[in-house]
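Novice: After the structure tokens below, expect a handful of questions from me.
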Amino acid sequence: MVLMNDIENSDPEIAQALKDELKRQEEGLEMIPSENNVSHATLQAMGSVLTNKYSEGYPRKRYYGGQEFADKIEEIAIDRAKKVFNVVHANVQPYSGSPANFAVLNALLEPGDCHMGLKLTDGGHLTHGWKVSATAKYFKSVPYSVKKDGRVDLEEVRRLAIENKPKAIWVGYTAYPRKFEFKEFAEIADEVGAYLIADIAHISGLVAGGAHESPVPYVHVITTTTHKTIRGPRGGMIMVTQKGIDKDPDLASKIDKSIFPGLQGGPHDHTTAGIAVALGEAMKPEFKDYAKQIVANAKSLAESLKKEGMKLVTDGTDTHLLLIDLTENGAGKGQYMQQALDLAGITVNKNTIPFEPFSAFYPSGIRLGTPSLTTRGMKEKDMEKVAKWIAAVYDEIRTYDMPNDKDERKEAIKKFSSEIKENTNLRKIREEVREFAKEFPLYPGFEIMR
Ligand SMILES: *Cc1c(COP(=O)(O)O)cnc(C)c1O
């Protein structure tokens, strides 16, 4: 990659920040489960001249000239999406996962119509009708929840569906360590005549690689991001299944019209090219190994964390994602853990746990996952080391309390922040993590950037 030397000449300030970010990514362990590391090829597609092009409309039906190559690229991306996910229709233009989800609601519902999704604080996504989202402002939203054991309460889903007769039901989550219950949801959605939408943003790479069941036989519409486990550029896709077409022959065109001209203007053609490249990679046999290894690593990490005495929501994982429950010594410690892990070079995010005992902003859990570490080539035995570091970091923070009182809390966080920065055990872990991470170089060809 030689892209950086031009930025270096023309804009040293941005070049330096980019180099620093590369270093941060390479010398740390990226364990936010929605993140991943794209290939050189995908990066090059993203950095291509396609960002210069306007292509409002769809292939062969555009509003501007000069489309022969943009058309070709979008057609290839669509074709690959259909093959990878085994669907009859794909729209690769959504700017990201959230706009894709809004576009589906815009296509299927009238303002005020009802849809149902998992509560944000139980692991659902904002765009499935959480109260601060436009998906709750323009549509009626009825949230369902998880049970004490952390699994979706399917009886509640059924009861609420019968009561509210939603037009659409979401199955698919953002902080849920277990298999998504496509079949069980299909029974409920079919019973009440609702569209069933699978949001596989988190697990699309697992679905593509055969490491999670496909929603295709069960749902009408599928949405996904393209930048999580599927390992492409930041973007979104909407797909329609045969079951969807059988329910509504106009479904594909409703979806397309909802994206353009309903919600978006010109598609991001450079992203489309990146999506095509990433989907091409997902069609190779190695991608199956990758998807299986993501799950194997997550399971190994879960077992090792438990051996270290840590508590997991649902006691483990079926996917790429784990939720650590930090309530053993008091609630609200997610923030402390996230901060301390950051100092140790392990990036995660604080997250609510089911029946969150503290608050959404000061939650009691940590969400983490293995897609990025697996891309870097780490295996099960490496996860044992990572688990030991995570447990060691927890030891450094477990005695800090998160007070309920606002002023006391401010003081406590201040005290924690200044003390944790000086913590010598954490510094030692940081050095070990750095050395370990360097054994798994992220972009070995990027010498020019350093
Ligand atoms: C990440 C995610 C999205 C939204 O994706 P953005 O690209 O951040 O807008 C939607 N749904 C689920 C379940 C997600 O996890």
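FYI, nothing fancy with the structure tokens labels: chains A, B, ... in order, residues from 1 per chain, ligands from 1 as they appear.
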Enumerate as a list in words the residues within 7 Å of ligand 1, counting only C-alpha atoms and all ligand atoms.
Specialist: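 After applying the 7 Å limit, what remains is Ser34, Ser96, Gly97, Ser98, Pro99, Asn101, Gly124, His125, Thr127, Gly172, Tyr173, Thr174, Asp199, Ile200, Ala201, His202, Thr224, Thr225, Arg234, Gly235 and Gly236 of chain A.
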Novice: Compile the contact shell of stretch 408-420 of chain A as a count of residues only: residues with an atom at most 9 Å away, counting only C-alpha atoms, same-chain residues fewer than 2 positions apart removed.
Specialist: 18
Novice: For A:Pro357, work out the shell of residues within 9 Å, counting only C-alpha atoms and skipping chain neighbours fewer than 5 positions away, then give it as a list of chain:residue names.
Specialist: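 Neighbouring residues, sequence-local ones excluded: A:Thr327, A:Ala331, A:Gly332, A:Thr352, A:Pro363, A:Ser364.
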Novice: For the selection just defined, write its residues with all heavy atoms to a file, as a PDB file, in the first residue's frame.
Specialist:
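So the final result, stored in result.pdb, reads:
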ATOM      1  N   THR A 327     -21.215  -8.063  38.245  1.00  0.00           N
ATOM      2  CA  THR A 327     -21.957  -7.623  39.433  1.00  0.00           C
ATOM      3  C   THR A 327     -21.536  -8.307  40.737  1.00  0.00           C
ATOM      4  O   THR A 327     -22.067  -7.979  41.795  1.00  0.00           O
ATOM      5  CB  THR A 327     -23.476  -7.863  39.259  1.00  0.00           C
ATOM      6  OG1 THR A 327     -23.684  -9.230  38.900  1.00  0.00           O
ATOM      7  CG2 THR A 327     -24.055  -6.968  38.200  1.00  0.00           C
ATOM      8  N   ALA A 331     -22.852  -3.386  41.554  1.00  0.00           N
ATOM      9  CA  ALA A 331     -23.302  -3.063  40.192  1.00  0.00           C
ATOM     10  C   ALA A 331     -22.584  -1.852  39.613  1.00  0.00           C
ATOM     11  O   ALA A 331     -21.944  -1.088  40.329  1.00  0.00           O
ATOM     12  CB  ALA A 331     -24.806  -2.808  40.211  1.00  0.00           C
ATOM     13  N   GLY A 332     -22.683  -1.689  38.292  1.00  0.00           N
ATOM     14  CA  GLY A 332     -22.242  -0.460  37.623  1.00  0.00           C
ATOM     15  C   GLY A 332     -20.767  -0.398  37.256  1.00  0.00           C
ATOM     16  O   GLY A 332     -20.244   0.670  36.989  1.00  0.00           O
ATOM     17  N   THR A 352     -25.036  -3.059  29.073  1.00  0.00           N
ATOM     18  CA  THR A 352     -25.992  -3.516  30.080  1.00  0.00           C
ATOM     19  C   THR A 352     -26.036  -5.042  30.079  1.00  0.00           C
ATOM     20  O   THR A 352     -25.724  -5.679  29.081  1.00  0.00           O
ATOM     21  CB  THR A 352     -27.407  -2.995  29.777  1.00  0.00           C
ATOM     22  OG1 THR A 352     -27.723  -3.302  28.417  1.00  0.00           O
ATOM     23  CG2 THR A 352     -27.512  -1.507  30.005  1.00  0.00           C
ATOM     24  N   PRO A 363     -23.440   0.771  32.978  1.00  0.00           N
ATOM     25  CA  PRO A 363     -23.956  -0.596  33.027  1.00  0.00           C
ATOM     26  C   PRO A 363     -23.011  -1.523  33.807  1.00  0.00           C
ATOM     27  O   PRO A 363     -21.893  -1.141  34.154  1.00  0.00           O
ATOM     28  CB  PRO A 363     -24.009  -0.993  31.561  1.00  0.00           C
ATOM     29  CG  PRO A 363     -22.918  -0.209  30.914  1.00  0.00           C
ATOM     30  CD  PRO A 363     -22.823   1.083  31.682  1.00  0.00           C
ATOM     31  N   SER A 364     -23.476  -2.731  34.007  1.00  0.00           N
ATOM     32  CA  SER A 364     -22.749  -3.684  34.861  1.00  0.00           C
ATOM     33  C   SER A 364     -22.073  -4.798  34.079  1.00  0.00           C
ATOM     34  O   SER A 364     -21.674  -5.798  34.664  1.00  0.00           O
ATOM     35  CB  SER A 364     -23.728  -4.304  35.860  1.00  0.00           C
ATOM     36  OG  SER A 364     -24.341  -3.289  36.605  1.00  0.00           O
TER      37      SER A 364
END
Novice: Pick the closest to A:Val433 from A:Pro371, A:Gly345, A:Gly47, A:Gly316: which is it, counting only C-alpha atoms?
Specialist: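 Using only C-alpha atoms, A:Val433 sits closest to A:Gly345.
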Novice: Taking the DSSP secondary structure from the backbone, can you list the residues of stretch 49-139 of chain A that are alpha helix (DSSP H), as a PyMOL selection string?
Specialist: chain A and resi 68-85+97-108+134-137
Novice: Run DSSP on the backbone and tell me which residues of stretch 142-343 of chain A come out as strand (DSSP E); list them as a PyMOL selection string.
Specialist: chain A and resi 142-144+168-171+195-199+221-225+236-240+311-312+321-325
Novice: Work out how far atom CA of A:Lys306 is from atom CA of A:Val393, in Å to one decimal.
Specialist: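 The value is 14.7 Å.
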Novice: How close does stretch 144-240 of chain A get to stretch 270-288 of chain A? List, as a Markdown table, each residue of stretch 144-240 of chain A within 8 Å, its nearest atom pair and the distance in Å to one decimal, counting only C-alpha atoms.
Specialist:
| residue | atom | partner | partner_atom | distance |
| --- | --- | --- | --- | --- |
| A:Gly205 | CA | A:Ala282 | CA | 7.7 |
| A:Ala208 | CA | A:Ala282 | CA | 6.9 |
| A:Gly209 | CA | A:Lys288 | CA | 4.2 |
| A:Gly210 | CA | A:Lys288 | CA | 6.5 |
| A:Ala211 | CA | A:Lys288 | CA | 7.6 |
| A:Thr226 | CA | A:Ile275 | CA | 6.9 |
| A:Ile230 | CA | A:Ala282 | CA | 7.2 |
| A:Arg231 | CA | A:Ala278 | CA | 6.5 |
| A:Gly232 | CA | A:Ala278 | CA | 4.9 |
| A:Pro233 | CA | A:Gly274 | CA | 5.8 |
| A:Arg234 | CA | A:Thr271 | CA | 7.4 |
| A:Gly235 | CA | A:Thr271 | CA | 7.0 |
Novice: Can you work out the spacing between atom CA of A:Ile390 and atom CA of A:Phe361 in Å, to one decimal?
Specialist: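 Separation of atom CA of A:Ile390 and atom CA of A:Phe361: 21.7 Å.
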Novice: Given the choices A:Tyr58, A:Phe355, A:Phe139, A:Tyr64, which gets closest to A:Ala90 if the distance is worked out from only C-alpha atoms?
Specialist: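 Looking only at the distances to A:Ala90, the closest residue turns out to be A:Tyr58.
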Novice: In terms of the shortest atom-to-atom distance over only C-alpha atoms, which of A:Ala175, A:Leu160, A:Ala186, A:Ala77 is closest to A:Pro143?
Specialist: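 Among the listed residues, A:Leu160 lies closest to A:Pro143.
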Novice: Give me the residues near A:Pro215 as a PyMOL selection string, where near means some atom within 7 Å (using only C-alpha atoms) and where sequence neighbours in that chain fewer than 2 positions away do not count.
Specialist: chain A and resi 182+198+213+217-219
Novice: Just give me the gap between atom CA of A:Leu22 and atom CA of A:Phe436 in Å, one decimal is fine.
Specialist: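 Separating atom CA of A:Leu22 from atom CA of A:Phe436 is a distance of 16.3 Å.
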Novice: Would you please work out which residue, of A:Val88, A:Ala136, A:Val295, A:Leu368, is nearest to A:Thr241 when using only C-alpha atoms?
Specialist: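 The shortest atom-to-atom distance to A:Thr241 comes from A:Val88.
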